[in-house]
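Here is data_8.txt, consisting of compact mmCIF, C-alpha atoms and all ligand atoms:
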# COMPACT_ATOMS: atom_id res chain seq x y z
CA MET A 11 0.00 0.00 0.00
CA GLY A 12 1.07 3.54 -0.59
CA ARG A 13 3.90 2.72 -2.99
CA ARG A 14 4.64 5.63 -5.29
CA TRP A 15 6.47 5.83 -8.53
CA GLU A 16 7.78 8.54 -10.80
CA LEU A 17 5.63 9.40 -13.77
CA PRO A 18 7.59 9.57 -17.02
CA GLU A 19 6.09 12.95 -17.83
CA PHE A 20 3.82 14.77 -15.47
CA SER A 21 2.07 16.29 -18.44
CA SER A 22 1.52 12.96 -20.18
CA PRO A 23 -2.16 12.59 -20.93
CA VAL A 24 -3.56 9.83 -18.76
CA SER A 25 -7.25 10.47 -18.59
CA LEU A 26 -8.42 7.28 -20.38
CA LEU A 27 -7.40 3.98 -18.81
CA ARG A 28 -8.01 0.49 -20.13
CA PHE A 29 -7.31 -2.59 -18.02
CA HIS A 30 -6.58 -6.28 -18.51
CA PRO A 31 -9.59 -8.10 -17.04
CA LEU A 32 -9.24 -10.78 -14.37
CA ILE A 33 -10.83 -13.94 -15.69
CA LYS A 34 -12.51 -16.06 -13.03
CA ARG A 35 -13.49 -19.67 -13.51
CA SER A 36 -16.31 -21.13 -11.48
CA ARG A 37 -18.50 -24.18 -11.50
CA TRP A 38 -21.47 -22.16 -12.77
CA GLY A 39 -19.66 -20.38 -15.63
CA GLY A 40 -19.82 -20.99 -19.39
CA THR A 41 -18.10 -19.90 -22.60
CA LEU A 42 -19.99 -16.73 -23.56
CA LEU A 43 -17.41 -14.27 -22.23
CA ALA A 44 -15.01 -15.48 -24.91
CA GLU A 45 -17.67 -15.92 -27.59
CA ARG A 46 -19.43 -12.58 -27.17
CA PHE A 47 -16.69 -10.35 -25.82
CA GLN A 48 -13.41 -12.03 -26.86
CA LYS A 49 -12.29 -12.23 -23.25
CA PRO A 50 -8.96 -14.07 -22.82
CA THR A 51 -10.39 -17.18 -21.18
CA GLY A 52 -7.92 -19.66 -22.69
CA HIS A 53 -10.92 -21.60 -24.05
CA ALA A 54 -11.75 -22.82 -20.53
CA PRO A 55 -15.24 -24.34 -20.45
CA ASN A 56 -16.48 -22.75 -17.23
CA VAL A 57 -15.61 -19.08 -17.00
CA GLY A 58 -18.15 -17.25 -14.89
CA GLU A 59 -16.72 -13.77 -14.53
CA SER A 60 -14.59 -11.13 -16.17
CA TRP A 61 -13.58 -8.60 -13.52
CA GLU A 62 -13.15 -5.50 -15.62
CA LEU A 63 -11.96 -3.10 -12.94
CA CYS A 64 -10.88 -4.29 -9.53
CA ASP A 65 -8.78 -3.00 -6.64
CA HIS A 66 -9.33 -5.54 -3.88
CA THR A 67 -6.32 -6.96 -1.97
CA THR A 68 -4.50 -9.27 -4.41
CA ASP A 69 -7.21 -9.03 -7.06
CA GLN A 70 -5.86 -6.17 -9.13
CA THR A 71 -6.60 -5.23 -12.71
CA CYS A 72 -3.54 -3.82 -14.52
CA VAL A 73 -3.47 -0.92 -16.96
CA LYS A 74 -3.20 -1.94 -20.62
CA ASN A 75 -2.58 1.41 -22.36
CA GLY A 76 -0.49 4.56 -22.14
CA VAL A 77 2.32 5.57 -19.79
CA TRP A 78 0.80 3.74 -16.85
CA ALA A 79 0.69 0.35 -18.62
CA GLY A 80 1.45 -2.49 -16.22
CA LYS A 81 0.46 -0.60 -13.08
CA THR A 82 -2.22 -2.09 -10.86
CA LEU A 83 -5.32 -0.14 -10.03
CA GLN A 84 -4.11 0.05 -6.39
CA GLU A 85 -0.80 1.55 -7.53
CA LEU A 86 -2.69 4.19 -9.48
CA ILE A 87 -4.96 4.99 -6.56
CA SER A 88 -1.98 5.17 -4.18
CA GLY A 89 0.05 7.40 -6.48
CA ARG A 90 -2.51 9.44 -8.40
CA ARG A 91 -5.64 9.42 -6.27
CA ARG A 92 -6.63 13.02 -6.86
CA GLU A 93 -6.31 12.80 -10.64
CA ILE A 94 -8.27 9.58 -10.82
CA LEU A 95 -10.91 9.98 -8.12
CA GLY A 96 -11.24 13.77 -8.06
CA ARG A 97 -13.89 14.77 -5.55
CA HIS A 98 -13.93 11.21 -4.19
CA ALA A 99 -10.20 11.17 -3.41
CA SER A 100 -10.90 10.32 0.24
CA HIS A 101 -11.22 6.69 -0.90
CA THR A 102 -7.94 4.85 -0.41
CA ARG A 103 -8.91 2.18 -2.90
CA PHE A 104 -11.10 2.10 -5.96
CA PRO A 105 -14.59 1.81 -4.48
CA LEU A 106 -16.34 -0.13 -7.26
CA LEU A 107 -15.97 -3.55 -8.83
CA LEU A 108 -17.25 -3.97 -12.38
CA LYS A 109 -17.85 -7.37 -13.96
CA PHE A 110 -19.39 -9.23 -16.84
CA LEU A 111 -20.97 -12.54 -15.82
CA ASP A 112 -21.86 -15.63 -17.86
CA VAL A 113 -24.30 -17.64 -15.77
CA HIS A 114 -24.46 -21.15 -17.19
CA ASP A 115 -25.63 -22.91 -14.00
CA TYR A 116 -27.32 -21.83 -10.76
CA LEU A 117 -25.37 -19.51 -8.48
CA SER A 118 -25.56 -20.30 -4.80
CA VAL A 119 -28.36 -18.68 -2.82
CA GLN A 120 -26.46 -15.92 -1.07
CA VAL A 121 -26.54 -12.63 0.75
CA HIS A 122 -24.06 -9.77 1.10
CA PRO A 123 -23.48 -7.64 4.22
CA ASN A 124 -24.01 -3.89 4.39
CA ASP A 125 -21.05 -1.62 5.15
CA ALA A 126 -21.44 -1.81 8.94
CA GLN A 127 -21.81 -5.60 8.98
CA ALA A 128 -18.83 -6.11 6.64
CA LYS A 129 -16.64 -3.87 8.76
CA ALA A 130 -17.64 -5.71 11.93
CA TYR A 131 -16.68 -9.08 10.45
CA PHE A 132 -13.61 -7.93 8.50
CA PRO A 133 -12.23 -4.48 9.39
CA GLY A 134 -11.45 -2.58 6.21
CA GLU A 135 -13.97 -4.47 4.09
CA LEU A 136 -16.90 -2.78 2.38
CA GLY A 137 -20.42 -4.10 2.22
CA LYS A 138 -21.81 -5.11 -1.12
CA ASN A 139 -24.73 -3.43 -2.79
CA GLU A 140 -24.95 -4.58 -6.39
CA ALA A 141 -26.83 -4.03 -9.63
CA TRP A 142 -27.39 -6.29 -12.62
CA VAL A 143 -27.98 -5.21 -16.21
CA ILE A 144 -29.26 -8.21 -18.15
CA LEU A 145 -27.67 -8.52 -21.60
CA GLU A 146 -28.92 -11.94 -22.70
CA ALA A 147 -31.54 -14.20 -21.17
CA HIS A 148 -33.11 -17.51 -22.16
CA PRO A 149 -36.86 -17.14 -22.72
CA ASP A 150 -37.67 -18.73 -19.34
CA SER A 151 -34.85 -17.02 -17.40
CA ARG A 152 -35.50 -15.44 -14.07
CA VAL A 153 -33.51 -14.25 -11.12
CA PHE A 154 -34.12 -14.98 -7.48
CA ALA A 155 -34.30 -11.58 -5.85
CA GLY A 156 -35.47 -11.29 -2.28
CA LEU A 157 -37.66 -13.48 -0.11
CA LYS A 158 -41.39 -13.85 -0.74
CA SER A 159 -43.47 -11.52 1.38
CA GLY A 160 -43.93 -12.73 4.94
CA VAL A 161 -40.92 -15.07 5.08
CA ASP A 162 -39.28 -14.62 8.47
CA GLU A 163 -36.17 -16.13 10.01
CA TYR A 164 -38.15 -19.01 11.51
CA CYS A 165 -39.59 -20.02 8.09
CA LEU A 166 -36.22 -19.70 6.43
CA ARG A 167 -34.43 -21.84 9.03
CA ALA A 168 -37.07 -24.54 8.65
CA ALA A 169 -36.74 -24.46 4.85
CA LEU A 170 -32.95 -24.65 5.08
CA ALA A 171 -33.20 -27.73 7.30
CA GLU A 172 -35.57 -29.36 4.80
CA GLY A 173 -33.68 -28.35 1.62
CA ARG A 174 -36.58 -26.30 0.19
CA VAL A 175 -35.17 -22.77 0.28
CA ALA A 176 -35.99 -22.14 -3.38
CA GLU A 177 -39.72 -22.21 -2.53
CA LEU A 178 -39.27 -19.12 -0.38
CA LEU A 179 -37.42 -17.03 -2.96
CA HIS A 180 -39.10 -14.48 -5.17
CA ALA A 181 -38.48 -15.44 -8.83
CA GLU A 182 -38.44 -12.37 -11.07
CA PRO A 183 -38.70 -13.02 -14.82
CA VAL A 184 -36.13 -11.10 -16.88
CA VAL A 185 -35.51 -10.23 -20.51
CA PRO A 186 -32.48 -8.53 -22.08
CA GLY A 187 -32.30 -4.90 -21.02
CA ASP A 188 -33.82 -5.47 -17.57
CA VAL A 189 -32.07 -4.02 -14.53
CA LEU A 190 -32.20 -5.02 -10.87
CA PHE A 191 -30.69 -3.30 -7.88
CA ILE A 192 -29.91 -5.77 -5.10
CA PRO A 193 -29.31 -3.95 -1.82
CA ALA A 194 -27.05 -5.57 0.77
CA GLY A 195 -29.11 -7.88 2.98
CA THR A 196 -31.20 -9.26 0.07
CA VAL A 197 -31.21 -13.02 -0.48
CA HIS A 198 -30.50 -13.66 -4.16
CA ALA A 199 -29.30 -16.09 -6.81
CA LEU A 200 -28.92 -16.13 -10.58
CA THR A 201 -30.28 -18.90 -12.76
CA PRO A 202 -28.83 -20.47 -15.93
CA GLY A 203 -29.00 -18.72 -19.29
CA LEU A 204 -28.00 -15.18 -18.29
CA LEU A 205 -25.28 -12.87 -19.52
CA LEU A 206 -25.04 -9.66 -17.54
CA ALA A 207 -23.03 -6.64 -16.50
CA GLU A 208 -22.64 -6.26 -12.74
CA VAL A 209 -21.89 -3.06 -10.84
CA GLN A 210 -21.04 -3.44 -7.17
CA GLN A 211 -19.06 -2.10 -4.27
CA ALA A 212 -15.47 -3.38 -4.25
CA SER A 213 -16.11 -6.21 -1.83
CA VAL A 214 -15.97 -9.99 -1.91
CA GLN A 215 -18.16 -10.54 1.15
CA THR A 216 -20.61 -13.25 0.09
CA TYR A 217 -22.37 -15.52 2.55
CA ARG A 218 -23.86 -18.70 1.08
CA LEU A 219 -27.15 -19.96 2.43
CA TYR A 220 -27.72 -22.85 0.07
CA ASP A 221 -25.80 -24.38 -2.85
CA TRP A 222 -28.45 -26.60 -4.44
CA ASP A 223 -27.04 -29.75 -2.77
CA ARG A 224 -24.29 -30.07 -5.36
CA PRO A 225 -20.56 -30.65 -5.21
CA GLY A 226 -18.02 -27.89 -5.83
CA GLU A 227 -15.16 -28.17 -8.30
CA ASN A 228 -13.15 -30.44 -6.00
CA GLY A 229 -16.09 -32.82 -5.61
CA LEU A 230 -16.93 -31.63 -2.09
CA PRO A 231 -19.83 -29.33 -1.23
CA ARG A 232 -18.80 -25.66 -1.08
CA GLU A 233 -18.74 -24.05 2.33
CA LEU A 234 -21.96 -22.45 3.57
CA HIS A 235 -22.11 -19.48 5.96
CA ILE A 236 -25.64 -19.88 7.27
CA GLU A 237 -25.45 -18.04 10.59
CA ARG A 238 -23.59 -15.09 9.12
CA ALA A 239 -26.01 -14.99 6.16
CA LEU A 240 -29.05 -15.06 8.47
CA ALA A 241 -27.55 -12.23 10.53
CA CYS A 242 -27.20 -10.08 7.38
CA ILE A 243 -30.64 -10.70 5.86
CA ASP A 244 -33.12 -7.85 5.97
CA PHE A 245 -36.32 -9.81 6.57
CA THR A 246 -38.47 -6.72 6.07
CA ARG A 247 -37.43 -6.22 2.45
CA GLY A 248 -39.55 -8.76 0.55
CA PRO A 249 -39.40 -9.32 -3.23
CA ILE A 250 -37.16 -7.18 -5.45
CA LYS A 251 -38.60 -6.20 -8.83
CA ARG A 252 -36.95 -4.96 -11.98
CA THR A 253 -36.27 -1.26 -11.80
CA SER A 254 -38.24 1.09 -13.99
CA ALA A 255 -35.82 3.61 -15.40
CA GLN A 256 -36.39 7.28 -15.83
CA ILE A 257 -35.80 7.95 -19.54
CA LEU A 258 -34.51 11.14 -21.12
CA GLU A 259 -34.82 11.21 -24.88
CA THR A 260 -33.54 13.70 -27.42
CA CYS A 261 -33.74 13.47 -31.20
CA CYS A 262 -30.79 11.10 -31.49
CA ASN A 263 -29.94 9.94 -27.96
CA ARG A 264 -31.59 8.04 -25.17
CA VAL A 265 -30.39 8.12 -21.57
CA GLU A 266 -31.88 5.90 -18.87
CA ASN A 267 -31.23 6.47 -15.18
CA LEU A 268 -31.03 2.82 -14.17
CA VAL A 269 -29.75 3.07 -10.59
CA GLU A 270 -29.31 6.02 -8.28
CA SER A 271 -28.02 4.80 -4.94
CA SER A 272 -25.72 6.05 -2.20
CA TRP A 273 -23.01 3.72 -3.52
CA PHE A 274 -23.15 4.23 -7.28
CA VAL A 275 -25.15 5.70 -10.14
CA VAL A 276 -25.72 3.75 -13.36
CA ARG A 277 -27.00 5.25 -16.60
CA ARG A 278 -27.48 3.55 -19.94
CA HIS A 279 -26.88 5.47 -23.16
CA SER A 280 -27.86 4.60 -26.70
CA GLY A 281 -28.31 6.51 -29.93
CA THR A 282 -26.20 8.11 -32.59
CA GLY A 283 -25.38 11.50 -31.09
CA SER A 284 -22.16 12.34 -29.25
CA VAL A 285 -22.23 12.69 -25.46
CA LEU A 286 -20.04 15.16 -23.56
CA LEU A 287 -19.19 13.81 -20.11
CA GLU A 288 -20.09 16.35 -17.49
CA GLU A 289 -17.05 18.17 -16.07
CA ASP A 290 -17.83 17.53 -12.44
CA ASN A 291 -14.52 16.19 -11.06
CA ARG A 292 -15.95 12.67 -10.86
CA PHE A 293 -14.44 9.59 -12.48
CA ARG A 294 -16.58 7.69 -14.96
CA VAL A 295 -16.55 4.02 -15.86
CA ILE A 296 -17.79 3.18 -19.33
CA MET A 297 -18.90 -0.40 -20.02
CA VAL A 298 -19.84 -1.17 -23.61
CA LEU A 299 -22.92 -3.36 -23.94
CA GLN A 300 -23.31 -3.29 -27.71
CA GLY A 301 -21.66 -1.95 -30.85
CA GLN A 302 -18.60 0.26 -31.11
CA GLY A 303 -17.70 3.80 -30.21
CA ILE A 304 -14.84 6.18 -29.55
CA VAL A 305 -14.04 8.13 -26.41
CA ARG A 306 -12.02 11.29 -27.04
CA SER A 307 -10.37 13.18 -24.20
CA GLY A 308 -8.16 16.08 -25.24
CA GLU A 309 -5.57 14.56 -27.59
CA LEU A 310 -6.33 11.00 -26.55
CA ALA A 311 -8.82 8.67 -28.18
CA GLU A 312 -9.80 5.10 -27.37
CA HIS A 313 -11.86 2.87 -29.65
CA LEU A 314 -14.21 0.72 -27.63
CA ASP A 315 -15.84 -2.53 -28.64
CA CYS A 316 -18.72 -4.50 -27.21
CA GLY A 317 -17.69 -5.95 -23.82
CA GLU A 318 -14.90 -3.45 -23.16
CA THR A 319 -14.54 -1.18 -20.14
CA LEU A 320 -12.82 2.18 -19.79
CA LEU A 321 -11.96 4.26 -16.74
CA VAL A 322 -12.17 7.98 -17.41
CA CYS A 323 -10.23 9.90 -14.75
CA ALA A 324 -11.91 12.66 -12.76
CA GLN A 325 -9.32 15.23 -13.82
CA ARG A 326 -9.56 15.24 -17.58
CA PRO A 327 -9.77 17.54 -20.53
CA PRO A 328 -13.22 17.82 -22.11
CA THR A 329 -14.22 14.23 -22.89
CA ILE A 330 -16.71 13.15 -25.48
CA VAL A 331 -18.25 9.77 -26.34
CA LEU A 332 -18.82 9.26 -30.06
CA PRO A 333 -21.06 6.35 -31.05
CA GLN A 334 -20.16 4.40 -34.18
CA SER A 335 -22.39 1.43 -34.95
CA GLY A 336 -25.20 0.39 -32.59
CA PHE A 337 -23.40 1.78 -29.56
CA GLU A 338 -24.99 1.12 -26.18
CA TRP A 339 -23.01 1.77 -23.01
CA LEU A 340 -23.22 2.13 -19.28
CA GLU A 341 -21.97 5.23 -17.53
CA ILE A 342 -21.12 4.45 -13.92
CA TYR A 343 -19.99 6.91 -11.25
CA LEU A 344 -20.22 7.77 -7.58
CA PRO A 345 -23.01 10.09 -6.45
ZN ZN B 401 -24.43 -11.30 -5.19

Produce structure tokens that represent the structure in this file.
Ligand SMILES: [Zn+2]
Amino acid sequence: MGRRWELPEFSSPVSLLRFHPLIKRSRWGGTLLAERFQKPTGHAPNVGESWELCDHTTDQTCVKNGVWAGKTLQELISGRRREILGRHASHTRFPLLLKFLDVHDYLSVQVHPNDAQAKAYFPGELGKNEAWVILEAHPDSRVFAGLKSGVDEYCLRAALAEGRVAELLHAEPVVPGDVLFIPAGTVHALTPGLLLAEVQQASVQTYRLYDWDRPGENGLPRELHIERALACIDFTRGPIKRTSAQILETCCNRVENLVESSWFVVRRHSGTGSVLLEEDNRFRVIMVLQGQGIVRSGELAEHLDCGETLLVCAQRPPTIVLPQSGFEWLEIYLP
């Protein structure tokens, strides 16, 4: 932590940063991250996640372009926090974790802690509020999001003992384009046939309630964390529905406010007109959902393809997003 290095040129333009993703295999993953987004999966058959931007202990994405190539996100935050985070420079690590997920099999039924709970269990850890943007879904796909109304701890414990937890989960049908915000404390799971973008706090605190009575990759059941999960569940929350976005439309652009939370804001852009990023001393993350476009920042330009992610630093020259063909992208930032 805190290691600094000398920049080659202080004036070198550094406002647009691309990263090598961290490719994560898991028993529920598939092959779509390579097929749709050309992620470097080494043709492994069960890749669940591409971590596009991550600064969490030893999980570090490294810069791919420009004078900072090879540096980890933590090194950038340690050395250049003000340039990158701007008005959010009080964060000592990058506060968000951005992923693409290929869900080929059921994810465990799980819950994440809020900030206070995470800190109590693991000092220094964040809680995990997360949002899903569904990119592909089988016709009968759904997500488990929240408990059915009226399910209390007593009901849930009984169902866990009898292996019938799924009966108590709210199953929300989803189609491509749908968005869900899953607050910390919500029981949830993803079901097969989904490709999605995930925006979350930079945390790995996941407590498994139930893993569908199946073996993990080593043939043994994966560890469950039932007591900790039960302690984190908000039993008053009930079912979580798809969000209904506020839509702003102009002649050639469409902007949807998908999520506005205390932890992150997510907007989805589509259309053919250029978009000037607001000069508000906030960083932006751009995740490309479809098509191609160009981001221009002063003298720099980066061509972006479907499935790519770009970090736009808070301190930047005027920065403009120029759609090429069928460009659809997420704009993610801190409130
Ligand atoms: Zn989760």

Which of these, A:Leu63, A:Ile33, A:Ala99, A:Leu200, has the shortest distance to ligand ZN 401 (chain B) once you count only C-alpha atoms and all ligand atoms?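 So, comparing all the options, the nearest one is A:Leu200.
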
Which distance in Å separates CA of Arg37 in chain A and CA of Ala176 in chain A, to one decimal?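 Atom-to-atom, CA of Arg37 in chain A to CA of Ala176 in chain A, that is 19.4 Å.
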
Please identify every polymer residue within 8 Å of ligand ZN 401 (chain B), using all atoms listed in the file, and present the set as a list in words. Gln120, Val121, His122, Lys138, Glu140, Ile192, His198, Ala199 and Thr216 of chain A

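Nearest residue to Asp162 in chain A, choosing from A:Pro50, A:Pro328, A:Gly248, A:Pro31 and counting all atoms listed in the file: A:Gly248.
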
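If you measure from each of A:Ile94, A:Ala324, A:Ala311, A:Leu234 to Glu289 in chain A using all atoms listed in the file, the closest one turns out to be A:Ala324.
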
N, CA and C atoms of range 273-302 of chain A, written as a PDB file, in the first residue's frame:
ATOM      1  N   TRP A 273     -24.303   4.355  -3.239  1.00  0.00           N
ATOM      2  CA  TRP A 273     -23.011   3.719  -3.516  1.00  0.00           C
ATOM      3  C   TRP A 273     -22.557   3.917  -4.956  1.00  0.00           C
ATOM      4  N   PHE A 274     -23.498   3.994  -5.877  1.00  0.00           N
ATOM      5  CA  PHE A 274     -23.150   4.231  -7.282  1.00  0.00           C
ATOM      6  C   PHE A 274     -24.385   4.663  -8.063  1.00  0.00           C
ATOM      7  N   VAL A 275     -24.106   5.288  -9.203  1.00  0.00           N
ATOM      8  CA  VAL A 275     -25.146   5.697 -10.143  1.00  0.00           C
ATOM      9  C   VAL A 275     -24.854   4.970 -11.453  1.00  0.00           C
ATOM     10  N   VAL A 276     -25.901   4.443 -12.081  1.00  0.00           N
ATOM     11  CA  VAL A 276     -25.718   3.750 -13.359  1.00  0.00           C
ATOM     12  C   VAL A 276     -26.697   4.328 -14.370  1.00  0.00           C
ATOM     13  N   ARG A 277     -26.163   4.765 -15.499  1.00  0.00           N
ATOM     14  CA  ARG A 277     -27.005   5.252 -16.596  1.00  0.00           C
ATOM     15  C   ARG A 277     -26.691   4.439 -17.844  1.00  0.00           C
ATOM     16  N   ARG A 278     -27.701   4.267 -18.677  1.00  0.00           N
ATOM     17  CA  ARG A 278     -27.482   3.549 -19.939  1.00  0.00           C
ATOM     18  C   ARG A 278     -27.738   4.524 -21.091  1.00  0.00           C
ATOM     19  N   HIS A 279     -26.782   4.579 -22.010  1.00  0.00           N
ATOM     20  CA  HIS A 279     -26.884   5.473 -23.163  1.00  0.00           C
ATOM     21  C   HIS A 279     -27.011   4.658 -24.440  1.00  0.00           C
ATOM     22  N   SER A 280     -27.839   5.154 -25.354  1.00  0.00           N
ATOM     23  CA  SER A 280     -27.856   4.596 -26.703  1.00  0.00           C
ATOM     24  C   SER A 280     -28.229   5.718 -27.656  1.00  0.00           C
ATOM     25  N   GLY A 281     -28.012   5.484 -28.943  1.00  0.00           N
ATOM     26  CA  GLY A 281     -28.314   6.515 -29.927  1.00  0.00           C
ATOM     27  C   GLY A 281     -27.089   6.856 -30.737  1.00  0.00           C
ATOM     28  N   THR A 282     -27.256   7.812 -31.629  1.00  0.00           N
ATOM     29  CA  THR A 282     -26.196   8.115 -32.588  1.00  0.00           C
ATOM     30  C   THR A 282     -25.482   9.437 -32.307  1.00  0.00           C
ATOM     31  N   GLY A 283     -25.990  10.202 -31.358  1.00  0.00           N
ATOM     32  CA  GLY A 283     -25.378  11.502 -31.089  1.00  0.00           C
ATOM     33  C   GLY A 283     -24.227  11.401 -30.102  1.00  0.00           C
ATOM     34  N   SER A 284     -23.292  12.354 -30.180  1.00  0.00           N
ATOM     35  CA  SER A 284     -22.165  12.335 -29.246  1.00  0.00           C
ATOM     36  C   SER A 284     -22.633  12.800 -27.863  1.00  0.00           C
ATOM     37  N   VAL A 285     -21.888  12.362 -26.845  1.00  0.00           N
ATOM     38  CA  VAL A 285     -22.228  12.695 -25.455  1.00  0.00           C
ATOM     39  C   VAL A 285     -21.001  13.301 -24.789  1.00  0.00           C
ATOM     40  N   LEU A 286     -21.135  14.528 -24.307  1.00  0.00           N
ATOM     41  CA  LEU A 286     -20.042  15.163 -23.564  1.00  0.00           C
ATOM     42  C   LEU A 286     -20.176  14.768 -22.093  1.00  0.00           C
ATOM     43  N   LEU A 287     -19.126  14.161 -21.529  1.00  0.00           N
ATOM     44  CA  LEU A 287     -19.194  13.807 -20.110  1.00  0.00           C
ATOM     45  C   LEU A 287     -19.145  15.088 -19.291  1.00  0.00           C
ATOM     46  N   GLU A 288     -20.002  15.156 -18.319  1.00  0.00           N
ATOM     47  CA  GLU A 288     -20.085  16.354 -17.492  1.00  0.00           C
ATOM     48  C   GLU A 288     -18.745  16.598 -16.792  1.00  0.00           C
ATOM     49  N   GLU A 289     -18.325  17.851 -16.728  1.00  0.00           N
ATOM     50  CA  GLU A 289     -17.052  18.170 -16.073  1.00  0.00           C
ATOM     51  C   GLU A 289     -17.332  18.468 -14.608  1.00  0.00           C
ATOM     52  N   ASP A 290     -17.392  17.409 -13.822  1.00  0.00           N
ATOM     53  CA  ASP A 290     -17.832  17.532 -12.436  1.00  0.00           C
ATOM     54  C   ASP A 290     -16.818  16.956 -11.451  1.00  0.00           C
ATOM     55  N   ASN A 291     -15.583  16.723 -11.930  1.00  0.00           N
ATOM     56  CA  ASN A 291     -14.520  16.189 -11.061  1.00  0.00           C
ATOM     57  C   ASN A 291     -14.877  14.830 -10.470  1.00  0.00           C
ATOM     58  N   ARG A 292     -15.657  14.062 -11.236  1.00  0.00           N
ATOM     59  CA  ARG A 292     -15.949  12.672 -10.857  1.00  0.00           C
ATOM     60  C   ARG A 292     -15.328  11.754 -11.911  1.00  0.00           C
ATOM     61  N   PHE A 293     -14.838  10.580 -11.479  1.00  0.00           N
ATOM     62  CA  PHE A 293     -14.442   9.593 -12.485  1.00  0.00           C
ATOM     63  C   PHE A 293     -15.687   8.991 -13.119  1.00  0.00           C
ATOM     64  N   ARG A 294     -15.517   8.434 -14.285  1.00  0.00           N
ATOM     65  CA  ARG A 294     -16.583   7.688 -14.955  1.00  0.00           C
ATOM     66  C   ARG A 294     -16.042   6.319 -15.350  1.00  0.00           C
ATOM     67  N   VAL A 295     -16.872   5.308 -15.239  1.00  0.00           N
ATOM     68  CA  VAL A 295     -16.552   4.020 -15.861  1.00  0.00           C
ATOM     69  C   VAL A 295     -17.519   3.840 -17.017  1.00  0.00           C
ATOM     70  N   ILE A 296     -16.969   3.462 -18.160  1.00  0.00           N
ATOM     71  CA  ILE A 296     -17.793   3.185 -19.331  1.00  0.00           C
ATOM     72  C   ILE A 296     -17.708   1.691 -19.606  1.00  0.00           C
ATOM     73  N   MET A 297     -18.851   1.024 -19.642  1.00  0.00           N
ATOM     74  CA  MET A 297     -18.896  -0.397 -20.016  1.00  0.00           C
ATOM     75  C   MET A 297     -19.723  -0.495 -21.290  1.00  0.00           C
ATOM     76  N   VAL A 298     -19.146  -1.114 -22.319  1.00  0.00           N
ATOM     77  CA  VAL A 298     -19.842  -1.173 -23.607  1.00  0.00           C
ATOM     78  C   VAL A 298     -20.696  -2.436 -23.668  1.00  0.00           C
ATOM     79  N   LEU A 299     -21.995  -2.236 -23.895  1.00  0.00           N
ATOM     80  CA  LEU A 299     -22.923  -3.364 -23.936  1.00  0.00           C
ATOM     81  C   LEU A 299     -23.149  -3.851 -25.360  1.00  0.00           C
ATOM     82  N   GLN A 300     -23.092  -2.917 -26.310  1.00  0.00           N
ATOM     83  CA  GLN A 300     -23.315  -3.289 -27.711  1.00  0.00           C
ATOM     84  C   GLN A 300     -22.583  -2.321 -28.618  1.00  0.00           C
ATOM     85  N   GLY A 301     -22.206  -2.801 -29.803  1.00  0.00           N
ATOM     86  CA  GLY A 301     -21.659  -1.947 -30.850  1.00  0.00           C
ATOM     87  C   GLY A 301     -20.271  -1.425 -30.552  1.00  0.00           C
ATOM     88  N   GLN A 302     -19.925  -0.354 -31.259  1.00  0.00           N
ATOM     89  CA  GLN A 302     -18.602   0.256 -31.107  1.00  0.00           C
ATOM     90  C   GLN A 302     -18.744   1.770 -30.986  1.00  0.00           C
TER      91      GLN A 302
END
